[in-house]
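For reference, the structure discussed in these notes is given below.
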Amino acid sequence: MTTLIVIDQPPYGSWAGREALDMTFSLAAFDQPAAMLFLGAGVNWLCKGQAADAVGQKSVEKNLSAATLFGVEQILVDARACTQYGLEIDDLLSGTTPSESISETLSQFSRVVFAG
Amino acid sequence: MPQPLSYTLVITGAPWATQAPQTALSFAQALLKAGHRIDRVFLYGDGVHLASALSAPPSDEQHWPRLWSEFLSGNNITAVACIASALRRGIVDETEQARYELTASNLRAPFEIAGLGEWVEGNLKSDRVLYFHGAH
């Protein structure tokens, strides 16, 4: 049964998303199927070319690009939020799948975890 | 009476910053009253502050860490604070105090410190996993 981890907060300014990413990786480490959905301001996690060192932080882009290597099945992104933030699919990390209907996406998973 | 279920409760909101520990405690009490079982309580993110032995709220306020530890001990429920979350936020047991050469430890019994594997196990074993967040 795949667990969907949902991140709806921007990558910098809150630690909750990073801790949700740790949850995803720990599922993968224990060979449990996991997928991720980036919603709302959370879509900014997937931007290519983040310069996190400018705010004295580690880029989340590196961690995230390793997600599929670690066995995360799917990285889904809220298509409408991408439009709001002016992001095209080419601006996002490769392997990202846009979701046109969040309610439909959520209904495909029986275990859903929102970042705290 | 409906079929009893087993639960893992995950608390990510801190006491006195959010209502998460209070809501979770009421829910946990209601679960047991209804005949369900709690496999494990898992503190994650800011939720680890609930496991501090050093919280000292004014005497006319509810003491959430104490109320939770009484509930856990009284009902023999395992409670775990995530080690990565706890170490970042200064919640340590004697083992971690020694490992990091810190000046004190402050983990409140019966809370234990362990890894996210405990949460993964909750996902596998419990019929339901519920989250108590601060912000959502």
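Just so we're on the same page: first chain in the structure tokens is A, next is B, and so on; residues restart at 1 for each chain, and ligands are numbered from 1 in the order they show up.
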*Would you kindly return, as an NGL selection string, each protein, DNA or RNA residue with an atom no farther than 9 Å from any atom of stretch 47-64 of chain A, considering only C-alpha atoms and excluding same-chain residues fewer than 4 positions away?*
:A and (11-12 or 18 or 21 or 43 or 68 or 87 or 90-94)
Please, could you write that set of residues out with N, CA and C atoms as a PDB file, in the first residue's frame?
```
ATOM      1  N   PRO A  11       9.937  25.543   0.384  1.00  0.00           N
ATOM      2  CA  PRO A  11      11.113  24.807   0.857  1.00  0.00           C
ATOM      3  C   PRO A  11      11.933  25.546   1.916  1.00  0.00           C
ATOM      4  N   TYR A  12      11.870  26.857   1.931  1.00  0.00           N
ATOM      5  CA  TYR A  12      12.648  27.610   2.924  1.00  0.00           C
ATOM      6  C   TYR A  12      11.667  28.436   3.748  1.00  0.00           C
ATOM      7  N   ARG A  18      11.026  19.503   5.195  1.00  0.00           N
ATOM      8  CA  ARG A  18      12.240  18.667   5.269  1.00  0.00           C
ATOM      9  C   ARG A  18      11.984  17.436   6.113  1.00  0.00           C
ATOM     10  N   LEU A  21      10.077  15.035   4.131  1.00  0.00           N
ATOM     11  CA  LEU A  21      10.964  14.349   3.184  1.00  0.00           C
ATOM     12  C   LEU A  21      11.720  13.214   3.883  1.00  0.00           C
ATOM     13  N   VAL A  43       5.079  23.627  -4.419  1.00  0.00           N
ATOM     14  CA  VAL A  43       5.618  23.334  -5.763  1.00  0.00           C
ATOM     15  C   VAL A  43       7.018  23.919  -5.939  1.00  0.00           C
ATOM     16  N   THR A  68      13.922   9.547  -6.262  1.00  0.00           N
ATOM     17  CA  THR A  68      13.589   8.396  -7.116  1.00  0.00           C
ATOM     18  C   THR A  68      14.680   7.324  -7.032  1.00  0.00           C
ATOM     19  N   LEU A  87       5.544  28.602 -13.079  1.00  0.00           N
ATOM     20  CA  LEU A  87       6.490  27.518 -13.341  1.00  0.00           C
ATOM     21  C   LEU A  87       5.984  26.631 -14.480  1.00  0.00           C
ATOM     22  N   ASP A  90       9.323  22.483 -17.626  1.00  0.00           N
ATOM     23  CA  ASP A  90      10.778  22.510 -17.862  1.00  0.00           C
ATOM     24  C   ASP A  90      11.550  23.168 -16.704  1.00  0.00           C
ATOM     25  N   ASP A  91      10.848  23.962 -15.914  1.00  0.00           N
ATOM     26  CA  ASP A  91      11.502  24.615 -14.770  1.00  0.00           C
ATOM     27  C   ASP A  91      11.656  23.650 -13.590  1.00  0.00           C
ATOM     28  N   LEU A  92      10.982  22.497 -13.688  1.00  0.00           N
ATOM     29  CA  LEU A  92      10.931  21.578 -12.544  1.00  0.00           C
ATOM     30  C   LEU A  92      11.925  20.433 -12.708  1.00  0.00           C
ATOM     31  N   LEU A  93      12.291  19.825 -11.598  1.00  0.00           N
ATOM     32  CA  LEU A  93      13.177  18.660 -11.622  1.00  0.00           C
ATOM     33  C   LEU A  93      12.596  17.598 -12.544  1.00  0.00           C
ATOM     34  N   SER A  94      13.479  16.867 -13.215  1.00  0.00           N
ATOM     35  CA  SER A  94      12.977  15.859 -14.144  1.00  0.00           C
ATOM     36  C   SER A  94      12.331  14.704 -13.367  1.00  0.00           C
TER      37      SER A  94
END
```
*Check the DSSP output for the backbone and give back, as a VMD selection string, the residues of chain A in strand (DSSP E).*
chain A and resid 3 to 7 34 to 38 74 to 78 96 to 99 111 to 114
Could you produce a table of the residues of chain A lying within 8 Å of chain B, with the nearest pair of atoms per residue and their separation in Å rounded to one decimal, using only C-alpha atoms, ordered by chain and increasing residue number, as CSV?
```
residue,atom,partner,partner_atom,distance
A:Ala16,CA,B:Gly45,CA,7.0
A:Glu19,CA,B:Gly45,CA,6.8
A:Met23,CA,B:Leu116,CA,7.0
A:Ser26,CA,B:Leu116,CA,6.4
A:Leu27,CA,B:Val120,CA,6.1
A:Phe30,CA,B:Val120,CA,7.6
A:Val113,CA,B:Tyr131,CA,7.7
A:Gly116,CA,B:His133,CA,5.1
```
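Near A:Leu37, within 6 Å and counting only C-alpha atoms, sit A:Val6, A:Leu76, A:Val77; same-chain residues fewer than 6 positions away were not included.
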*Can you check which residues of chain A DSSP gives as alpha helix (DSSP H) on the backbone and send them as a PyMOL selection string?*
chain A and resi 16-29+60-65+79-84+102-107
*Considering only C-alpha atoms, return as a list in words whatever protein or nucleic-acid residues lie within 12 Å of A:Leu106, sequence-local ones (same chain, fewer than 2 positions apart) excluded.*
Thr2, Thr3, Leu4, Ile5, Val6, Ala35, Met36, Leu37, Phe38, Leu39, Leu76, Val77, Asp78, Ser99, Glu100, Ser101, Ile102, Ser103, Glu104, Gln108, Phe109, Ser110, Arg111, Val112, Val113 and Phe114 of chain A
How would the residues just chosen look if you wrote them out with N, CA and C atoms as a PDB file, in the first residue's frame?
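Below is the file that was written, result.pdb:
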```
ATOM      1  N   THR A   2       0.780   2.045  -1.049  1.00  0.00           N
ATOM      2  CA  THR A   2       1.663   3.209  -1.167  1.00  0.00           C
ATOM      3  C   THR A   2       1.204   4.342  -0.244  1.00  0.00           C
ATOM      4  N   THR A   3       2.154   4.922   0.477  1.00  0.00           N
ATOM      5  CA  THR A   3       1.870   6.097   1.315  1.00  0.00           C
ATOM      6  C   THR A   3       2.205   7.354   0.518  1.00  0.00           C
ATOM      7  N   LEU A   4       1.274   8.288   0.494  1.00  0.00           N
ATOM      8  CA  LEU A   4       1.507   9.561  -0.194  1.00  0.00           C
ATOM      9  C   LEU A   4       1.886  10.624   0.834  1.00  0.00           C
ATOM     10  N   ILE A   5       3.067  11.215   0.644  1.00  0.00           N
ATOM     11  CA  ILE A   5       3.510  12.298   1.520  1.00  0.00           C
ATOM     12  C   ILE A   5       3.232  13.615   0.798  1.00  0.00           C
ATOM     13  N   VAL A   6       2.499  14.499   1.458  1.00  0.00           N
ATOM     14  CA  VAL A   6       2.093  15.754   0.823  1.00  0.00           C
ATOM     15  C   VAL A   6       2.844  16.929   1.448  1.00  0.00           C
ATOM     16  N   ALA A  35       5.126   7.776  -2.282  1.00  0.00           N
ATOM     17  CA  ALA A  35       5.043   8.758  -3.359  1.00  0.00           C
ATOM     18  C   ALA A  35       4.925  10.126  -2.712  1.00  0.00           C
ATOM     19  N   MET A  36       5.204  11.186  -3.486  1.00  0.00           N
ATOM     20  CA  MET A  36       5.130  12.540  -2.940  1.00  0.00           C
ATOM     21  C   MET A  36       4.228  13.406  -3.806  1.00  0.00           C
ATOM     22  N   LEU A  37       3.539  14.330  -3.143  1.00  0.00           N
ATOM     23  CA  LEU A  37       2.721  15.313  -3.864  1.00  0.00           C
ATOM     24  C   LEU A  37       3.084  16.700  -3.334  1.00  0.00           C
ATOM     25  N   PHE A  38       3.414  17.601  -4.256  1.00  0.00           N
ATOM     26  CA  PHE A  38       3.741  18.980  -3.887  1.00  0.00           C
ATOM     27  C   PHE A  38       2.579  19.878  -4.283  1.00  0.00           C
ATOM     28  N   LEU A  39       2.029  20.543  -3.272  1.00  0.00           N
ATOM     29  CA  LEU A  39       0.811  21.331  -3.433  1.00  0.00           C
ATOM     30  C   LEU A  39       1.077  22.792  -3.126  1.00  0.00           C
ATOM     31  N   LEU A  76       4.580  13.859  -7.679  1.00  0.00           N
ATOM     32  CA  LEU A  76       3.445  14.536  -8.306  1.00  0.00           C
ATOM     33  C   LEU A  76       3.461  16.006  -7.937  1.00  0.00           C
ATOM     34  N   VAL A  77       3.002  16.839  -8.882  1.00  0.00           N
ATOM     35  CA  VAL A  77       2.986  18.274  -8.606  1.00  0.00           C
ATOM     36  C   VAL A  77       1.642  18.861  -9.039  1.00  0.00           C
ATOM     37  N   ASP A  78       1.161  19.774  -8.218  1.00  0.00           N
ATOM     38  CA  ASP A  78      -0.104  20.467  -8.434  1.00  0.00           C
ATOM     39  C   ASP A  78       0.046  21.408  -9.648  1.00  0.00           C
ATOM     40  N   SER A  99      -0.262  16.957 -11.765  1.00  0.00           N
ATOM     41  CA  SER A  99      -1.598  16.459 -11.442  1.00  0.00           C
ATOM     42  C   SER A  99      -2.601  17.580 -11.687  1.00  0.00           C
ATOM     43  N   GLU A 100      -3.582  17.326 -12.543  1.00  0.00           N
ATOM     44  CA  GLU A 100      -4.585  18.351 -12.868  1.00  0.00           C
ATOM     45  C   GLU A 100      -5.688  18.365 -11.810  1.00  0.00           C
ATOM     46  N   SER A 101      -5.916  17.210 -11.185  1.00  0.00           N
ATOM     47  CA  SER A 101      -6.975  17.136 -10.172  1.00  0.00           C
ATOM     48  C   SER A 101      -6.421  16.553  -8.871  1.00  0.00           C
ATOM     49  N   ILE A 102      -6.269  17.439  -7.882  1.00  0.00           N
ATOM     50  CA  ILE A 102      -5.696  17.007  -6.598  1.00  0.00           C
ATOM     51  C   ILE A 102      -6.621  16.019  -5.907  1.00  0.00           C
ATOM     52  N   SER A 103      -7.934  16.287  -5.976  1.00  0.00           N
ATOM     53  CA  SER A 103      -8.863  15.387  -5.278  1.00  0.00           C
ATOM     54  C   SER A 103      -8.788  13.983  -5.867  1.00  0.00           C
ATOM     55  N   GLU A 104      -8.639  13.925  -7.190  1.00  0.00           N
ATOM     56  CA  GLU A 104      -8.520  12.617  -7.835  1.00  0.00           C
ATOM     57  C   GLU A 104      -7.216  11.926  -7.402  1.00  0.00           C
ATOM     58  N   GLN A 108      -6.572   8.302  -4.883  1.00  0.00           N
ATOM     59  CA  GLN A 108      -5.877   7.077  -5.314  1.00  0.00           C
ATOM     60  C   GLN A 108      -5.041   6.447  -4.197  1.00  0.00           C
ATOM     61  N   PHE A 109      -4.880   7.180  -3.081  1.00  0.00           N
ATOM     62  CA  PHE A 109      -4.025   6.688  -2.000  1.00  0.00           C
ATOM     63  C   PHE A 109      -4.856   6.503  -0.737  1.00  0.00           C
ATOM     64  N   SER A 110      -4.671   5.343  -0.063  1.00  0.00           N
ATOM     65  CA  SER A 110      -5.438   5.140   1.164  1.00  0.00           C
ATOM     66  C   SER A 110      -4.671   5.642   2.385  1.00  0.00           C
ATOM     67  N   ARG A 111      -3.354   5.854   2.219  1.00  0.00           N
ATOM     68  CA  ARG A 111      -2.581   6.453   3.319  1.00  0.00           C
ATOM     69  C   ARG A 111      -1.970   7.754   2.830  1.00  0.00           C
ATOM     70  N   VAL A 112      -2.394   8.848   3.449  1.00  0.00           N
ATOM     71  CA  VAL A 112      -1.912  10.173   3.050  1.00  0.00           C
ATOM     72  C   VAL A 112      -1.365  10.886   4.283  1.00  0.00           C
ATOM     73  N   VAL A 113      -0.177  11.437   4.160  1.00  0.00           N
ATOM     74  CA  VAL A 113       0.461  12.146   5.275  1.00  0.00           C
ATOM     75  C   VAL A 113       0.773  13.573   4.843  1.00  0.00           C
ATOM     76  N   PHE A 114       0.162  14.543   5.503  1.00  0.00           N
ATOM     77  CA  PHE A 114       0.501  15.945   5.237  1.00  0.00           C
ATOM     78  C   PHE A 114       1.699  16.350   6.095  1.00  0.00           C
TER      79      PHE A 114
END
```
